[in-house]
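Structure record follows, encoded as structure tokens.
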Protein chains: 2
Amino acid sequence: MQARFIHRCTHVLDREATIAFYEKALGFHVVRQSGPADGSWTNTFMENDASPFQLELTWNRGRTEPYENGGRDTHIAFAVDDFEAYHKLHQEMGCIEKENPAMGLYFITDPDGQRIEILPE
Amino acid sequence: MQARFIHRCTHVLDREATIAFYEKALGFHVVRQSGPADGSWTNTFMENDASPFQLELTWNRGRTEPYENGGRDTHIAFAVDDFEAYHKLHQEMGCIEKENPAMGLYFITDPDGQRIEILPE
């Protein structure tokens, strides 16, 4: 019996802004998108070339109330090959939430406030 | 520039119960555990043989208030090679939160209420 860890799902208010964020901040691309013909909701699956583990972004038309994706007690993490280059990129994007130079890492947040740890490989 | 998606962190109230849950429910094992010498907190990293993507379980001594790990708007997902065997195991464990036979999947919850989707490979 094997259970393969395949994705992490969050709900997003602005689908296009979130897709653009993960494309620019972490090199992700859209793998597939599903949902009903009326377009009332979609599930967008994204990944990048460094790992097969995917993000699932669930979007519902008309939703304005923030989603319960978790607070400061949870995060996802990425190990990057060029820490300085990513740090510069994320500074330019204005998405750095917290620096932790003592531990050699920092956190960014996505458009819905999901916390993302960035650390060197 | 490459960003490798490496782990998902949640905070847990009962470290031993949570480790035992992931061992039994999804075949995980502890890879490493870190924290200060006084044992006031620990970070436990777990994975299984089907994927290198890890869970990080952060535990703080004395905490009793539930953590903000996210509500029903978020989940993690596993693709399993023997859907019937896992379903029977999770029934026996009493951790099934929601069945979705129309979509051929179901959700379980870990001891802190994190939602976990189980679907066939």
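Following the order of the structure tokens, first chain is A, next is B, and so on, with residues numbered from 1 inside each chain and ligands from 1 in the order they appear.
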
May I have a table of the residues of chain A lying at most 10 Å from chain B, giving each one's closest pair of atoms and their distance in Å to one decimal, counting only C-alpha atoms, ordered by chain and ascending residue number, as CSV?
residue,atom,partner,partner_atom,distance
A:Met1,CA,B:Asp82,CA,6.1
A:Gln2,CA,B:Asp81,CA,5.7
A:Ala3,CA,B:Val80,CA,4.4
A:Arg4,CA,B:Ala50,CA,4.9
A:Phe5,CA,B:Phe78,CA,4.5
A:Ile6,CA,B:Phe78,CA,5.5
A:His7,CA,B:Ala77,CA,5.2
A:Arg8,CA,B:Ile76,CA,4.4
A:Cys9,CA,B:His75,CA,5.2
A:Thr10,CA,B:Thr74,CA,4.6
A:His11,CA,B:Asp73,CA,5.7
A:Val12,CA,B:Asp73,CA,9.2
A:Ala25,CA,B:Ala3,CA,9.2
A:Leu26,CA,B:Ala3,CA,5.9
A:Gly27,CA,B:Ala3,CA,7.3
A:Phe28,CA,B:Ala3,CA,9.1
A:Glu47,CA,B:Phe5,CA,8.9
A:Asn48,CA,B:Ala3,CA,7.9
A:Asp49,CA,B:Gln2,CA,7.7
A:Ala50,CA,B:Arg4,CA,4.9
A:Ser51,CA,B:Arg4,CA,5.6
A:Pro52,CA,B:Phe5,CA,8.3
A:Phe53,CA,B:Phe5,CA,6.6
A:Gln54,CA,B:Phe5,CA,8.4
A:Leu55,CA,B:Ile76,CA,9.4
A:Glu56,CA,B:Ile76,CA,9.3
A:Leu57,CA,B:Thr74,CA,9.4
A:Thr58,CA,B:Asp73,CA,8.5
A:Tyr67,CA,B:Asp73,CA,6.3
A:Glu68,CA,B:Gly71,CA,5.2
A:Asn69,CA,B:Gly70,CA,4.4
A:Gly70,CA,B:Gly70,CA,3.3
A:Gly71,CA,B:Glu68,CA,5.2
A:Arg72,CA,B:Glu68,CA,7.0
A:Asp73,CA,B:Glu68,CA,5.6
A:Thr74,CA,B:Thr10,CA,4.6
A:His75,CA,B:Cys9,CA,5.2
A:Ile76,CA,B:Arg8,CA,4.4
A:Ala77,CA,B:His7,CA,5.2
A:Phe78,CA,B:Phe5,CA,4.5
A:Ala79,CA,B:Arg4,CA,5.1
A:Val80,CA,B:Ala3,CA,4.4
A:Asp81,CA,B:Gln2,CA,5.7
A:Asp82,CA,B:Met1,CA,6.1
A:Phe83,CA,B:Met1,CA,9.0
A:Ala85,CA,B:Met1,CA,7.8
A:Tyr86,CA,B:Met1,CA,7.8
A:Gln114,CA,B:Gly70,CA,10.0
A:Ile116,CA,B:Arg8,CA,9.3
A:Glu117,CA,B:His7,CA,9.3
A:Ile118,CA,B:Ala3,CA,8.5
A:Leu119,CA,B:Ala3,CA,9.3
A:Pro120,CA,B:Ala3,CA,9.2
A:Glu121,CA,B:Arg4,CA,8.4

Could you list, as a VMD selection string, every residue within 12 Å of Glu99 (chain B), counting only C-alpha atoms and ignoring same-chain residues fewer than 2 positions away? chain B and resid 87 90 to 91 95 to 97 101 to 108 116 to 119

Could you take the residues named above and write them with N, CA and C atoms, as a compact mmCIF listing (two decimals), in the first residue's frame?
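Just written: part-v5.txt:
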# COMPACT_ATOMS: atom_id res chain seq x y z
N HIS B 87 -9.40 2.70 2.16
CA HIS B 87 -10.73 3.08 2.65
C HIS B 87 -11.10 2.24 3.87
N HIS B 90 -8.98 3.40 6.86
CA HIS B 90 -9.44 4.68 7.43
C HIS B 90 -10.80 4.56 8.09
N GLN B 91 -11.63 3.64 7.60
CA GLN B 91 -12.89 3.34 8.31
C GLN B 91 -12.59 2.78 9.69
N CYS B 95 -11.43 7.90 11.00
CA CYS B 95 -10.99 9.26 10.67
C CYS B 95 -11.61 9.81 9.40
N ILE B 96 -12.59 9.09 8.82
CA ILE B 96 -13.21 9.59 7.59
C ILE B 96 -14.16 10.73 7.92
N GLU B 97 -13.95 11.87 7.25
CA GLU B 97 -14.78 13.05 7.50
C GLU B 97 -15.94 13.13 6.51
N PRO B 101 -18.58 9.44 -3.11
CA PRO B 101 -18.53 8.33 -4.07
C PRO B 101 -18.74 8.79 -5.52
N ALA B 102 -19.50 9.89 -5.71
CA ALA B 102 -19.73 10.38 -7.08
C ALA B 102 -18.41 10.76 -7.75
N MET B 103 -17.48 11.31 -6.96
CA MET B 103 -16.19 11.69 -7.52
C MET B 103 -15.13 10.63 -7.26
N GLY B 104 -15.52 9.53 -6.56
CA GLY B 104 -14.57 8.44 -6.33
C GLY B 104 -13.45 8.80 -5.37
N LEU B 105 -13.76 9.60 -4.36
CA LEU B 105 -12.74 10.01 -3.39
C LEU B 105 -13.39 10.23 -2.03
N TYR B 106 -12.58 10.44 -1.02
CA TYR B 106 -13.10 10.78 0.31
C TYR B 106 -12.07 11.61 1.05
N PHE B 107 -12.51 12.20 2.17
CA PHE B 107 -11.63 13.02 2.99
C PHE B 107 -11.50 12.40 4.37
N ILE B 108 -10.29 12.44 4.92
CA ILE B 108 -10.07 12.11 6.32
C ILE B 108 -9.57 13.37 7.02
N ILE B 116 -7.68 15.90 4.61
CA ILE B 116 -6.78 15.15 3.72
C ILE B 116 -7.64 14.38 2.72
N GLU B 117 -7.44 14.71 1.42
CA GLU B 117 -8.17 14.04 0.34
C GLU B 117 -7.46 12.74 -0.03
N ILE B 118 -8.24 11.67 -0.19
CA ILE B 118 -7.70 10.37 -0.62
C ILE B 118 -8.37 10.01 -1.94
N LEU B 119 -7.55 9.83 -2.98
CA LEU B 119 -8.10 9.46 -4.28
C LEU B 119 -7.25 8.37 -4.91

Considering only strand (DSSP E) as DSSP defines it on the backbone, what residues of region 39-121 of chain B qualify? List them as a ChimeraX atom specification. /B:41-48,51-60,75-80,96-100,105-109,115-120

Determine, counting only C-alpha atoms, which protein, DNA and RNA residues have an atom within 12 Å of an atom of Ala20 (chain A); residues of the same chain fewer than 6 positions away are not included. Present the result as a list in words. Asp14, Leu26, Gly27, Phe28, His29, Val30, Met46, Met93, Asp110 and Pro111 of chain A

Residues as selected, C-alpha atoms, written as a CSV table (one decimal), in the first residue's frame, can you do that?
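File written: out.csv
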chain,number,residue,atom,x,y,z
A,14,ASP,CA,-8.5,36.4,-7.4
A,26,LEU,CA,8.2,30.5,-7.9
A,27,GLY,CA,8.3,29.5,-11.6
A,28,PHE,CA,5.0,27.6,-11.6
A,29,HIS,CA,2.8,27.0,-14.7
A,30,VAL,CA,-0.7,25.8,-15.1
A,46,MET,CA,0.0,24.4,-11.0
A,93,MET,CA,7.5,42.0,-5.9
A,110,ASP,CA,0.5,34.9,-1.7
A,111,PRO,CA,-2.4,37.1,-2.6

Can you list, as a PDB file with all heavy atoms, in the first residue's frame, every residue of region 6-117 of chain A that DSSP puts in alpha helix (DSSP H)?
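Saved the output as states07.pdb:
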ATOM      1  N   ARG A  15      -8.339  34.603  -9.003  1.00  0.00           N
ATOM      2  CA  ARG A  15      -7.654  33.490  -9.676  1.00  0.00           C
ATOM      3  C   ARG A  15      -6.489  33.965 -10.536  1.00  0.00           C
ATOM      4  O   ARG A  15      -5.391  33.408 -10.473  1.00  0.00           O
ATOM      5  CB  ARG A  15      -8.671  32.729 -10.537  1.00  0.00           C
ATOM      6  CG  ARG A  15      -8.088  31.561 -11.300  1.00  0.00           C
ATOM      7  CD  ARG A  15      -9.185  30.886 -12.112  1.00  0.00           C
ATOM      8  NE  ARG A  15      -9.837  31.838 -12.997  1.00  0.00           N
ATOM      9  CZ  ARG A  15     -11.004  31.634 -13.610  1.00  0.00           C
ATOM     10  NH1 ARG A  15     -11.642  30.502 -13.439  1.00  0.00           N
ATOM     11  NH2 ARG A  15     -11.530  32.547 -14.384  1.00  0.00           N
ATOM     12  N   GLU A  16      -6.729  34.998 -11.350  1.00  0.00           N
ATOM     13  CA  GLU A  16      -5.688  35.432 -12.293  1.00  0.00           C
ATOM     14  C   GLU A  16      -4.484  36.015 -11.551  1.00  0.00           C
ATOM     15  O   GLU A  16      -3.337  35.755 -11.912  1.00  0.00           O
ATOM     16  CB  GLU A  16      -6.247  36.446 -13.296  1.00  0.00           C
ATOM     17  CG  GLU A  16      -7.513  35.984 -14.033  1.00  0.00           C
ATOM     18  CD  GLU A  16      -7.467  34.533 -14.514  1.00  0.00           C
ATOM     19  OE1 GLU A  16      -6.390  34.053 -14.895  1.00  0.00           O
ATOM     20  OE2 GLU A  16      -8.528  33.872 -14.490  1.00  0.00           O
ATOM     21  N   ALA A  17      -4.759  36.789 -10.492  1.00  0.00           N
ATOM     22  CA  ALA A  17      -3.655  37.383  -9.724  1.00  0.00           C
ATOM     23  C   ALA A  17      -2.833  36.298  -9.034  1.00  0.00           C
ATOM     24  O   ALA A  17      -1.605  36.403  -8.937  1.00  0.00           O
ATOM     25  CB  ALA A  17      -4.198  38.370  -8.689  1.00  0.00           C
ATOM     26  N   THR A  18      -3.525  35.235  -8.568  1.00  0.00           N
ATOM     27  CA  THR A  18      -2.816  34.167  -7.863  1.00  0.00           C
ATOM     28  C   THR A  18      -1.973  33.341  -8.833  1.00  0.00           C
ATOM     29  O   THR A  18      -0.819  32.988  -8.537  1.00  0.00           O
ATOM     30  CB  THR A  18      -3.811  33.267  -7.111  1.00  0.00           C
ATOM     31  OG1 THR A  18      -4.628  34.095  -6.273  1.00  0.00           O
ATOM     32  CG2 THR A  18      -3.086  32.251  -6.250  1.00  0.00           C
ATOM     33  N   ILE A  19      -2.533  33.039  -9.999  1.00  0.00           N
ATOM     34  CA  ILE A  19      -1.758  32.324 -11.020  1.00  0.00           C
ATOM     35  C   ILE A  19      -0.516  33.140 -11.397  1.00  0.00           C
ATOM     36  O   ILE A  19       0.600  32.622 -11.459  1.00  0.00           O
ATOM     37  CB  ILE A  19      -2.634  32.032 -12.263  1.00  0.00           C
ATOM     38  CG1 ILE A  19      -3.684  30.970 -11.918  1.00  0.00           C
ATOM     39  CG2 ILE A  19      -1.773  31.600 -13.449  1.00  0.00           C
ATOM     40  CD1 ILE A  19      -4.732  30.754 -13.005  1.00  0.00           C
ATOM     41  N   ALA A  20      -0.712  34.448 -11.617  1.00  0.00           N
ATOM     42  CA  ALA A  20       0.415  35.322 -11.986  1.00  0.00           C
ATOM     43  C   ALA A  20       1.461  35.374 -10.880  1.00  0.00           C
ATOM     44  O   ALA A  20       2.674  35.390 -11.143  1.00  0.00           O
ATOM     45  CB  ALA A  20      -0.103  36.731 -12.302  1.00  0.00           C
ATOM     46  N   PHE A  21       0.991  35.372  -9.623  1.00  0.00           N
ATOM     47  CA  PHE A  21       1.924  35.393  -8.480  1.00  0.00           C
ATOM     48  C   PHE A  21       2.810  34.146  -8.482  1.00  0.00           C
ATOM     49  O   PHE A  21       4.039  34.243  -8.377  1.00  0.00           O
ATOM     50  CB  PHE A  21       1.147  35.478  -7.160  1.00  0.00           C
ATOM     51  CG  PHE A  21       2.023  35.288  -5.948  1.00  0.00           C
ATOM     52  CD1 PHE A  21       2.729  36.357  -5.416  1.00  0.00           C
ATOM     53  CD2 PHE A  21       2.163  34.041  -5.357  1.00  0.00           C
ATOM     54  CE1 PHE A  21       3.558  36.178  -4.313  1.00  0.00           C
ATOM     55  CE2 PHE A  21       2.986  33.856  -4.255  1.00  0.00           C
ATOM     56  CZ  PHE A  21       3.683  34.931  -3.733  1.00  0.00           C
ATOM     57  N   TYR A  22       2.206  32.958  -8.595  1.00  0.00           N
ATOM     58  CA  TYR A  22       3.010  31.724  -8.534  1.00  0.00           C
ATOM     59  C   TYR A  22       3.889  31.557  -9.776  1.00  0.00           C
ATOM     60  O   TYR A  22       4.977  30.971  -9.694  1.00  0.00           O
ATOM     61  CB  TYR A  22       2.119  30.498  -8.291  1.00  0.00           C
ATOM     62  CG  TYR A  22       1.704  30.399  -6.826  1.00  0.00           C
ATOM     63  CD1 TYR A  22       0.440  30.776  -6.403  1.00  0.00           C
ATOM     64  CD2 TYR A  22       2.614  29.972  -5.868  1.00  0.00           C
ATOM     65  CE1 TYR A  22       0.076  30.724  -5.058  1.00  0.00           C
ATOM     66  CE2 TYR A  22       2.269  29.911  -4.524  1.00  0.00           C
ATOM     67  CZ  TYR A  22       0.997  30.284  -4.128  1.00  0.00           C
ATOM     68  OH  TYR A  22       0.659  30.239  -2.794  1.00  0.00           O
ATOM     69  N   GLU A  23       3.434  32.066 -10.912  1.00  0.00           N
ATOM     70  CA  GLU A  23       4.285  32.040 -12.112  1.00  0.00           C
ATOM     71  C   GLU A  23       5.546  32.867 -11.879  1.00  0.00           C
ATOM     72  O   GLU A  23       6.666  32.410 -12.137  1.00  0.00           O
ATOM     73  CB  GLU A  23       3.511  32.595 -13.318  1.00  0.00           C
ATOM     74  CG  GLU A  23       2.471  31.627 -13.875  1.00  0.00           C
ATOM     75  CD  GLU A  23       1.617  32.243 -14.980  1.00  0.00           C
ATOM     76  OE1 GLU A  23       1.621  33.484 -15.129  1.00  0.00           O
ATOM     77  OE2 GLU A  23       0.934  31.480 -15.677  1.00  0.00           O
ATOM     78  N   LYS A  24       5.358  34.089 -11.388  1.00  0.00           N
ATOM     79  CA  LYS A  24       6.496  35.008 -11.246  1.00  0.00           C
ATOM     80  C   LYS A  24       7.365  34.670 -10.029  1.00  0.00           C
ATOM     81  O   LYS A  24       8.594  34.657 -10.115  1.00  0.00           O
ATOM     82  CB  LYS A  24       5.982  36.446 -11.125  1.00  0.00           C
ATOM     83  CG  LYS A  24       7.098  37.479 -11.079  1.00  0.00           C
ATOM     84  CD  LYS A  24       6.588  38.878 -11.301  1.00  0.00           C
ATOM     85  CE  LYS A  24       7.755  39.872 -11.311  1.00  0.00           C
ATOM     86  NZ  LYS A  24       7.289  41.259 -11.522  1.00  0.00           N
ATOM     87  N   ALA A  25       6.722  34.379  -8.880  1.00  0.00           N
ATOM     88  CA  ALA A  25       7.476  34.215  -7.631  1.00  0.00           C
ATOM     89  C   ALA A  25       8.201  32.882  -7.540  1.00  0.00           C
ATOM     90  O   ALA A  25       9.273  32.790  -6.940  1.00  0.00           O
ATOM     91  CB  ALA A  25       6.548  34.381  -6.436  1.00  0.00           C
ATOM     92  N   LEU A  26       7.623  31.808  -8.132  1.00  0.00           N
ATOM     93  CA  LEU A  26       8.178  30.464  -7.901  1.00  0.00           C
ATOM     94  C   LEU A  26       8.270  29.611  -9.166  1.00  0.00           C
ATOM     95  O   LEU A  26       8.485  28.391  -9.081  1.00  0.00           O
ATOM     96  CB  LEU A  26       7.334  29.748  -6.827  1.00  0.00           C
ATOM     97  CG  LEU A  26       7.421  30.416  -5.437  1.00  0.00           C
ATOM     98  CD1 LEU A  26       6.240  30.026  -4.570  1.00  0.00           C
ATOM     99  CD2 LEU A  26       8.738  30.090  -4.753  1.00  0.00           C
ATOM    100  N   PHE A  83      19.518  31.672  -3.658  1.00  0.00           N
ATOM    101  CA  PHE A  83      18.797  32.377  -2.589  1.00  0.00           C
ATOM    102  C   PHE A  83      18.801  33.888  -2.808  1.00  0.00           C
ATOM    103  O   PHE A  83      17.758  34.556  -2.647  1.00  0.00           O
ATOM    104  CB  PHE A  83      19.454  32.026  -1.246  1.00  0.00           C
ATOM    105  CG  PHE A  83      18.686  32.496  -0.043  1.00  0.00           C
ATOM    106  CD1 PHE A  83      17.535  31.848   0.369  1.00  0.00           C
ATOM    107  CD2 PHE A  83      19.136  33.589   0.693  1.00  0.00           C
ATOM    108  CE1 PHE A  83      16.826  32.288   1.492  1.00  0.00           C
ATOM    109  CE2 PHE A  83      18.437  34.024   1.819  1.00  0.00           C
ATOM    110  CZ  PHE A  83      17.279  33.374   2.210  1.00  0.00           C
ATOM    111  N   GLU A  84      19.950  34.464  -3.177  1.00  0.00           N
ATOM    112  CA  GLU A  84      20.047  35.924  -3.354  1.00  0.00           C
ATOM    113  C   GLU A  84      19.139  36.404  -4.486  1.00  0.00           C
ATOM    114  O   GLU A  84      18.496  37.438  -4.378  1.00  0.00           O
ATOM    115  CB  GLU A  84      21.506  36.335  -3.623  1.00  0.00           C
ATOM    116  CG  GLU A  84      22.432  36.131  -2.434  1.00  0.00           C
ATOM    117  CD  GLU A  84      21.902  36.788  -1.160  1.00  0.00           C
ATOM    118  OE1 GLU A  84      21.435  37.930  -1.236  1.00  0.00           O
ATOM    119  OE2 GLU A  84      21.937  36.139  -0.097  1.00  0.00           O
ATOM    120  N   ALA A  85      19.126  35.642  -5.584  1.00  0.00           N
ATOM    121  CA  ALA A  85      18.304  36.043  -6.736  1.00  0.00           C
ATOM    122  C   ALA A  85      16.813  35.992  -6.385  1.00  0.00           C
ATOM    123  O   ALA A  85      16.054  36.886  -6.751  1.00  0.00           O
ATOM    124  CB  ALA A  85      18.606  35.138  -7.931  1.00  0.00           C
ATOM    125  N   TYR A  86      16.395  34.946  -5.659  1.00  0.00           N
ATOM    126  CA  TYR A  86      14.981  34.870  -5.249  1.00  0.00           C
ATOM    127  C   TYR A  86      14.639  35.989  -4.268  1.00  0.00           C
ATOM    128  O   TYR A  86      13.557  36.575  -4.333  1.00  0.00           O
ATOM    129  CB  TYR A  86      14.668  33.494  -4.646  1.00  0.00           C
ATOM    130  CG  TYR A  86      14.234  32.508  -5.694  1.00  0.00           C
ATOM    131  CD1 TYR A  86      15.111  31.555  -6.191  1.00  0.00           C
ATOM    132  CD2 TYR A  86      12.937  32.549  -6.223  1.00  0.00           C
ATOM    133  CE1 TYR A  86      14.730  30.661  -7.181  1.00  0.00           C
ATOM    134  CE2 TYR A  86      12.546  31.658  -7.201  1.00  0.00           C
ATOM    135  CZ  TYR A  86      13.447  30.720  -7.676  1.00  0.00           C
ATOM    136  OH  TYR A  86      13.050  29.848  -8.660  1.00  0.00           O
ATOM    137  N   HIS A  87      15.568  36.264  -3.352  1.00  0.00           N
ATOM    138  CA  HIS A  87      15.306  37.323  -2.362  1.00  0.00           C
ATOM    139  C   HIS A  87      15.109  38.661  -3.069  1.00  0.00           C
ATOM    140  O   HIS A  87      14.201  39.424  -2.733  1.00  0.00           O
ATOM    141  CB  HIS A  87      16.465  37.389  -1.368  1.00  0.00           C
ATOM    142  CG  HIS A  87      16.186  38.261  -0.192  1.00  0.00           C
ATOM    143  ND1 HIS A  87      16.646  39.552  -0.099  1.00  0.00           N
ATOM    144  CD2 HIS A  87      15.451  38.050   0.936  1.00  0.00           C
ATOM    145  CE1 HIS A  87      16.237  40.090   1.043  1.00  0.00           C
ATOM    146  NE2 HIS A  87      15.507  39.199   1.686  1.00  0.00           N
ATOM    147  N   LYS A  88      15.950  38.934  -4.059  1.00  0.00           N
ATOM    148  CA  LYS A  88      15.840  40.184  -4.826  1.00  0.00           C
ATOM    149  C   LYS A  88      14.502  40.227  -5.583  1.00  0.00           C
ATOM    150  O   LYS A  88      13.802  41.239  -5.586  1.00  0.00           O
ATOM    151  CB  LYS A  88      17.021  40.263  -5.800  1.00  0.00           C
ATOM    152  CG  LYS A  88      17.129  41.554  -6.586  1.00  0.00           C
ATOM    153  CD  LYS A  88      18.512  41.664  -7.228  1.00  0.00           C
ATOM    154  CE  LYS A  88      18.633  42.934  -8.068  1.00  0.00           C
ATOM    155  NZ  LYS A  88      17.885  42.844  -9.338  1.00  0.00           N
ATOM    156  N   LEU A  89      14.158  39.116  -6.215  1.00  0.00           N
ATOM    157  CA  LEU A  89      12.884  39.043  -6.948  1.00  0.00           C
ATOM    158  C   LEU A  89      11.703  39.304  -6.011  1.00  0.00           C
ATOM    159  O   LEU A  89      10.798  40.085  -6.326  1.00  0.00           O
ATOM    160  CB  LEU A  89      12.742  37.651  -7.590  1.00  0.00           C
ATOM    161  CG  LEU A  89      11.359  37.297  -8.149  1.00  0.00           C
ATOM    162  CD1 LEU A  89      11.009  38.180  -9.343  1.00  0.00           C
ATOM    163  CD2 LEU A  89      11.304  35.812  -8.554  1.00  0.00           C
ATOM    164  N   HIS A  90      11.712  38.658  -4.854  1.00  0.00           N
ATOM    165  CA  HIS A  90      10.578  38.795  -3.930  1.00  0.00           C
ATOM    166  C   HIS A  90      10.543  40.182  -3.292  1.00  0.00           C
ATOM    167  O   HIS A  90       9.458  40.700  -2.996  1.00  0.00           O
ATOM    168  CB  HIS A  90      10.637  37.675  -2.888  1.00  0.00           C
ATOM    169  CG  HIS A  90      10.453  36.311  -3.471  1.00  0.00           C
ATOM    170  ND1 HIS A  90      11.019  35.173  -2.954  1.00  0.00           N
ATOM    171  CD2 HIS A  90       9.762  35.906  -4.590  1.00  0.00           C
ATOM    172  CE1 HIS A  90      10.690  34.128  -3.701  1.00  0.00           C
ATOM    173  NE2 HIS A  90       9.932  34.548  -4.703  1.00  0.00           N
ATOM    174  N   GLN A  91      11.704  40.799  -3.120  1.00  0.00           N
ATOM    175  CA  GLN A  91      11.724  42.200  -2.667  1.00  0.00           C
ATOM    176  C   GLN A  91      11.064  43.094  -3.715  1.00  0.00           C
ATOM    177  O   GLN A  91      10.233  43.939  -3.389  1.00  0.00           O
ATOM    178  CB  GLN A  91      13.166  42.661  -2.444  1.00  0.00           C
ATOM    179  CG  GLN A  91      13.708  42.363  -1.051  1.00  0.00           C
ATOM    180  CD  GLN A  91      15.111  42.925  -0.847  1.00  0.00           C
ATOM    181  OE1 GLN A  91      15.932  42.899  -1.772  1.00  0.00           O
ATOM    182  NE2 GLN A  91      15.385  43.400   0.351  1.00  0.00           N
ATOM    183  N   GLU A  92      11.430  42.886  -4.967  1.00  0.00           N
ATOM    184  CA  GLU A  92      10.862  43.688  -6.061  1.00  0.00           C
ATOM    185  C   GLU A  92       9.349  43.478  -6.168  1.00  0.00           C
ATOM    186  O   GLU A  92       8.606  44.395  -6.496  1.00  0.00           O
ATOM    187  CB  GLU A  92      11.543  43.328  -7.385  1.00  0.00           C
ATOM    188  CG  GLU A  92      12.967  43.847  -7.510  1.00  0.00           C
ATOM    189  CD  GLU A  92      13.750  43.210  -8.653  1.00  0.00           C
ATOM    190  OE1 GLU A  92      13.173  42.367  -9.381  1.00  0.00           O
ATOM    191  OE2 GLU A  92      14.940  43.546  -8.795  1.00  0.00           O
ATOM    192  N   MET A  93       8.910  42.250  -5.879  1.00  0.00           N
ATOM    193  CA  MET A  93       7.470  41.959  -5.949  1.00  0.00           C
ATOM    194  C   MET A  93       6.726  42.502  -4.728  1.00  0.00           C
ATOM    195  O   MET A  93       5.496  42.563  -4.726  1.00  0.00           O
ATOM    196  CB  MET A  93       7.245  40.438  -6.052  1.00  0.00           C
ATOM    197  CG  MET A  93       7.687  39.836  -7.376  1.00  0.00           C
ATOM    198  SD  MET A  93       7.473  38.014  -7.399  1.00  0.00           S
ATOM    199  CE  MET A  93       5.660  37.874  -7.405  1.00  0.00           C
TER     200      MET A  93
END

Provide the CA of Arg115 (chain A) to CA of Pro66 (chain A) distance in Å, to one decimal place.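 Here the two named atoms are 14.8 Å from each other.
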
In Å, how far is it from CA of Gln33 (chain A) to CA of Asn60 (chain A)?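 Taking CA of Gln33 (chain A) and CA of Asn60 (chain A), their separation equals 13.2 Å.
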